[in-house]
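What follows is a set of notes on a single structure, which appears directly below.
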Amino acid sequence: MPSRSPRGVVSEIFRSLQGEGIYVGEPQVFVRLAGCPLRCRYCDTPQHLRRNGRTAMRVAEVLRRVRRLDAKKLCRTVSVTGGEPLMQAEFLTALLPALRRAGRRTYLETSGVHPHLLRRVVRDCDVVAMDIKCPGDTGKPYWTEHREFLAVAGKKAFVKIVLTSKTTEAEVRKAVELVADARPRPPLVLQPVTPVRDRRHGGALRPPSPERLAAIFKYARRRLSDVRLVPQMHRLWGLP
Ligand code: SF4
């Protein structure tokens, strides 16, 4: 590894089960990169949104730690998560291929709003787990960015939308339309929010009622063939 390889600001590296999306229950090593420019109202990693005070690591050090956590390679996949990992795209251009050379599948968890950064790293991703961010959750719409992001991610993508009692019908319609228009069409995961403090407006943020969830599921299923309802399982299991 050349000594001038880029450094990444890493919050933590740990082993757990994937708790979200279509690979739920799969043992994975997680590399969490610090920093994210968004401030989603339901963010469950607010302690990882800033890079200040964290040590930068080279790729070789990350690989060493992954190996130490999973010497027997029981975890086929390494999830690179955040924060927003794409904010450190330069580091990812070195980290992702190095993980693959070490025999791991690479899984990128992202907010799905930086298509130009995804373009730099997509060839070294095996899975792109992208969010749809609703305007009510972030303070602005990202429909155009999401559309472009899906086009870049192609068949590597699956899409997740976090549903709260504040998610509007218009947002659900727009999200379903976005996925329906994509070629190929990615799986869509409906993720009812784990109750959390509303990071933007204060107070408690709760999932939609069971009746509303059922209605959203039914609506999405009318347009799409692969729709799944998956809550954050790692939270139910008490895992990180
Ligand atoms: S994109 Fe993810 S890490 Fe960033 S604020 Fe939203 S939920 Fe938190």
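Residue names in the structure tokens use chain letters A, B, ... in the order shown, residue numbers from 1 in each chain, and ligand numbers from 1 in the order shown.
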Would you mind listing, for every residue of chain A within 12 Å of ligand 1, the two atoms forming the shortest contact and the distance between them in Å to one decimal, using only C-alpha atoms and all ligand atoms, sorted by chain and ascending residue number, as a Markdown table?
```
| residue | atom | partner | partner_atom_place_in_ligand_line | distance |
| --- | --- | --- | --- | --- |
| A:Arg32 | CA | ligand 1 | 3 (S) | 10.1 |
| A:Leu33 | CA | ligand 1 | 3 (S) | 9.7 |
| A:Ala34 | CA | ligand 1 | 3 (S) | 8.8 |
| A:Gly35 | CA | ligand 1 | 3 (S) | 7.6 |
| A:Cys36 | CA | ligand 1 | 4 (Fe) | 4.8 |
| A:Pro37 | CA | ligand 1 | 4 (Fe) | 6.5 |
| A:Leu38 | CA | ligand 1 | 5 (S) | 4.4 |
| A:Arg39 | CA | ligand 1 | 5 (S) | 3.9 |
| A:Cys40 | CA | ligand 1 | 6 (Fe) | 4.1 |
| A:Arg41 | CA | ligand 1 | 6 (Fe) | 7.5 |
| A:Tyr42 | CA | ligand 1 | 7 (S) | 6.3 |
| A:Cys43 | CA | ligand 1 | 7 (S) | 3.9 |
| A:Asp44 | CA | ligand 1 | 8 (Fe) | 6.2 |
| A:Thr45 | CA | ligand 1 | 8 (Fe) | 5.7 |
| A:Pro46 | CA | ligand 1 | 8 (Fe) | 6.2 |
| A:Gln47 | CA | ligand 1 | 8 (Fe) | 9.2 |
| A:His48 | CA | ligand 1 | 3 (S) | 7.2 |
| A:Leu49 | CA | ligand 1 | 3 (S) | 6.2 |
| A:Arg50 | CA | ligand 1 | 3 (S) | 9.8 |
| A:Thr81 | CA | ligand 1 | 3 (S) | 8.5 |
| A:Gly82 | CA | ligand 1 | 3 (S) | 5.6 |
| A:Gly83 | CA | ligand 1 | 3 (S) | 3.7 |
| A:Glu84 | CA | ligand 1 | 3 (S) | 5.7 |
| A:Pro85 | CA | ligand 1 | 3 (S) | 9.0 |
| A:Leu86 | CA | ligand 1 | 1 (S) | 10.6 |
| A:Met87 | CA | ligand 1 | 4 (Fe) | 10.4 |
| A:Glu109 | CA | ligand 1 | 2 (Fe) | 8.8 |
| A:Thr110 | CA | ligand 1 | 1 (S) | 6.9 |
| A:Ser111 | CA | ligand 1 | 1 (S) | 4.7 |
| A:Gly112 | CA | ligand 1 | 1 (S) | 8.4 |
| A:Val113 | CA | ligand 1 | 1 (S) | 8.8 |
| A:His114 | CA | ligand 1 | 1 (S) | 10.9 |
| A:Ala129 | CA | ligand 1 | 2 (Fe) | 11.7 |
| A:Met130 | CA | ligand 1 | 1 (S) | 9.9 |
| A:Asp131 | CA | ligand 1 | 1 (S) | 8.0 |
| A:Ile132 | CA | ligand 1 | 1 (S) | 9.7 |
| A:Lys133 | CA | ligand 1 | 6 (Fe) | 8.0 |
| A:Cys134 | CA | ligand 1 | 6 (Fe) | 10.6 |
| A:Pro135 | CA | ligand 1 | 6 (Fe) | 11.7 |
| A:Asp137 | CA | ligand 1 | 6 (Fe) | 8.5 |
| A:Thr138 | CA | ligand 1 | 6 (Fe) | 7.5 |
| A:Gly139 | CA | ligand 1 | 6 (Fe) | 11.2 |
| A:Tyr142 | CA | ligand 1 | 1 (S) | 11.8 |
| A:Lys160 | CA | ligand 1 | 7 (S) | 11.6 |
| A:Ile161 | CA | ligand 1 | 7 (S) | 10.9 |
| A:Val162 | CA | ligand 1 | 7 (S) | 9.4 |
| A:Val193 | CA | ligand 1 | 7 (S) | 11.0 |
| A:Val196 | CA | ligand 1 | 7 (S) | 11.7 |
| A:Asp198 | CA | ligand 1 | 7 (S) | 11.5 |
| A:Arg199 | CA | ligand 1 | 5 (S) | 9.1 |
| A:Arg200 | CA | ligand 1 | 5 (S) | 10.3 |
```
Problem set entry | Shell of 8 Å around Cys75 (chain A), only C-alpha atoms, local chain residues under 6 positions omitted, as a list of chain:residue names |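 Residues near the query, excluding close chain neighbours: A:Glu26, A:Pro27, A:Gln28, A:Val29.
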Dump of C-alpha atoms for the selected residues, as a PDB file, in the first residue's frame:
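Contents of result_34.pdb, as written:
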```pdb
ATOM      1  CA  GLU A  26     -26.647 -11.205   7.124  1.00  0.00           C
ATOM      2  CA  PRO A  27     -23.476 -11.084   9.272  1.00  0.00           C
ATOM      3  CA  GLN A  28     -21.410  -8.123   8.131  1.00  0.00           C
ATOM      4  CA  VAL A  29     -18.474  -5.987   9.212  1.00  0.00           C
TER       5      VAL A  29
END
```
Problem set entry | Close residues, Arg104 (chain A) itself excluded, 9 Å, only C-alpha atoms, min 4 positions apart in chain, as a list in words | Lys73, Cys75, Arg76, Thr77, Val78, Ala98, Leu99 and Arg100 of chain A
Once you have the residues from the selection above, write them out as a PDB file, in the first residue's frame, restricted to C-alpha atoms.
```pdb
ATOM      1  CA  LYS A  73     -14.175 -14.477   6.972  1.00  0.00           C
ATOM      2  CA  CYS A  75     -18.768 -12.047   7.159  1.00  0.00           C
ATOM      3  CA  ARG A  76     -18.700 -12.118   3.416  1.00  0.00           C
ATOM      4  CA  THR A  77     -19.735  -8.488   3.158  1.00  0.00           C
ATOM      5  CA  VAL A  78     -18.331  -5.229   4.476  1.00  0.00           C
ATOM      6  CA  ALA A  98      -8.896  -2.959  -1.439  1.00  0.00           C
ATOM      7  CA  LEU A  99     -11.790  -4.673   0.357  1.00  0.00           C
ATOM      8  CA  ARG A 100     -12.628  -6.572  -2.794  1.00  0.00           C
TER       9      ARG A 100
END
```
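Excluding region 119-125 of chain A and any residue on its chain fewer than 2 positions from it, the residues at most 6 Å away by only C-alpha atoms are Thr93, Leu96, Pro97, Thr106, His116, Leu117 and Val127 of chain A.
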I need the chosen residues saved as a compact mmCIF listing (two decimals), in the first residue's frame, with N, CA and C atoms.
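Once written, selection_32.txt looks like this:
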```txt
# COMPACT_ATOMS: atom_id res chain seq x y z
N THR A 93 -12.43 5.45 -3.15
CA THR A 93 -11.79 4.95 -4.38
C THR A 93 -10.61 4.04 -4.05
N LEU A 96 -12.69 0.68 -1.30
CA LEU A 96 -13.58 -0.35 -1.86
C LEU A 96 -12.83 -1.40 -2.68
N PRO A 97 -11.95 -1.00 -3.60
CA PRO A 97 -11.21 -2.03 -4.33
C PRO A 97 -10.30 -2.85 -3.41
N THR A 106 -18.62 -5.58 -1.27
CA THR A 106 -18.73 -4.22 -0.75
C THR A 106 -20.18 -3.73 -0.85
N HIS A 116 -23.03 12.40 -8.55
CA HIS A 116 -21.70 12.63 -9.15
C HIS A 116 -20.62 11.94 -8.33
N LEU A 117 -20.84 11.78 -7.02
CA LEU A 117 -19.85 11.08 -6.19
C LEU A 117 -19.99 9.57 -6.33
N VAL A 127 -23.16 -3.80 -3.80
CA VAL A 127 -24.54 -3.44 -3.46
C VAL A 127 -24.58 -1.95 -3.13
```
For this session: With a distance cut-off of 7 Å and only C-alpha atoms, select the neighbouring residues of region 225-231 of chain A, excluding the residue or stretch itself and same-chain residues fewer than 5 positions from it, and output the selection as a list in words.
Result: Glu20, Gly21, Pro187, Leu188, Val189, Leu190, Gln191, Pro192 and Ala220 of chain A
Create the file for the chosen residues now, containing N, CA and C atoms and written as a PDB file, in the first residue's frame.
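File part-v3.pdb, as written:
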```pdb
ATOM      1  N   GLU A  20     -31.154  -3.781   8.246  1.00  0.00           N
ATOM      2  CA  GLU A  20     -32.074  -3.048   7.374  1.00  0.00           C
ATOM      3  C   GLU A  20     -32.054  -3.636   5.966  1.00  0.00           C
ATOM      4  N   GLY A  21     -33.133  -3.374   5.249  1.00  0.00           N
ATOM      5  CA  GLY A  21     -33.121  -3.640   3.812  1.00  0.00           C
ATOM      6  C   GLY A  21     -33.241  -5.106   3.442  1.00  0.00           C
ATOM      7  N   PRO A 187     -35.633  -3.267  -5.952  1.00  0.00           N
ATOM      8  CA  PRO A 187     -36.552  -3.580  -4.854  1.00  0.00           C
ATOM      9  C   PRO A 187     -36.777  -2.326  -4.008  1.00  0.00           C
ATOM     10  N   LEU A 188     -37.973  -2.193  -3.463  1.00  0.00           N
ATOM     11  CA  LEU A 188     -38.285  -1.064  -2.573  1.00  0.00           C
ATOM     12  C   LEU A 188     -38.571  -1.600  -1.173  1.00  0.00           C
ATOM     13  N   VAL A 189     -37.852  -1.068  -0.189  1.00  0.00           N
ATOM     14  CA  VAL A 189     -38.061  -1.455   1.206  1.00  0.00           C
ATOM     15  C   VAL A 189     -38.764  -0.315   1.929  1.00  0.00           C
ATOM     16  N   LEU A 190     -39.907  -0.617   2.516  1.00  0.00           N
ATOM     17  CA  LEU A 190     -40.625   0.353   3.347  1.00  0.00           C
ATOM     18  C   LEU A 190     -40.179   0.118   4.786  1.00  0.00           C
ATOM     19  N   GLN A 191     -39.555   1.123   5.375  1.00  0.00           N
ATOM     20  CA  GLN A 191     -39.012   0.948   6.735  1.00  0.00           C
ATOM     21  C   GLN A 191     -39.725   1.876   7.723  1.00  0.00           C
ATOM     22  N   PRO A 192     -40.675   1.349   8.503  1.00  0.00           N
ATOM     23  CA  PRO A 192     -41.304   2.205   9.508  1.00  0.00           C
ATOM     24  C   PRO A 192     -40.255   2.682  10.501  1.00  0.00           C
ATOM     25  N   ALA A 220     -48.039   0.653  -2.966  1.00  0.00           N
ATOM     26  CA  ALA A 220     -46.749   0.395  -3.624  1.00  0.00           C
ATOM     27  C   ALA A 220     -46.802  -0.910  -4.410  1.00  0.00           C
TER      28      ALA A 220
END
```
Exercise. Please, which residues of region 4-235 of chain A, numbered as in this document, come out strand (DSSP E) from DSSP, as a ChimeraX atom specification?
Worked result: /A:7-17,27-33,56-58,77-81,105-110,127-132,157-163,188-192,196-197,204-205,227-229
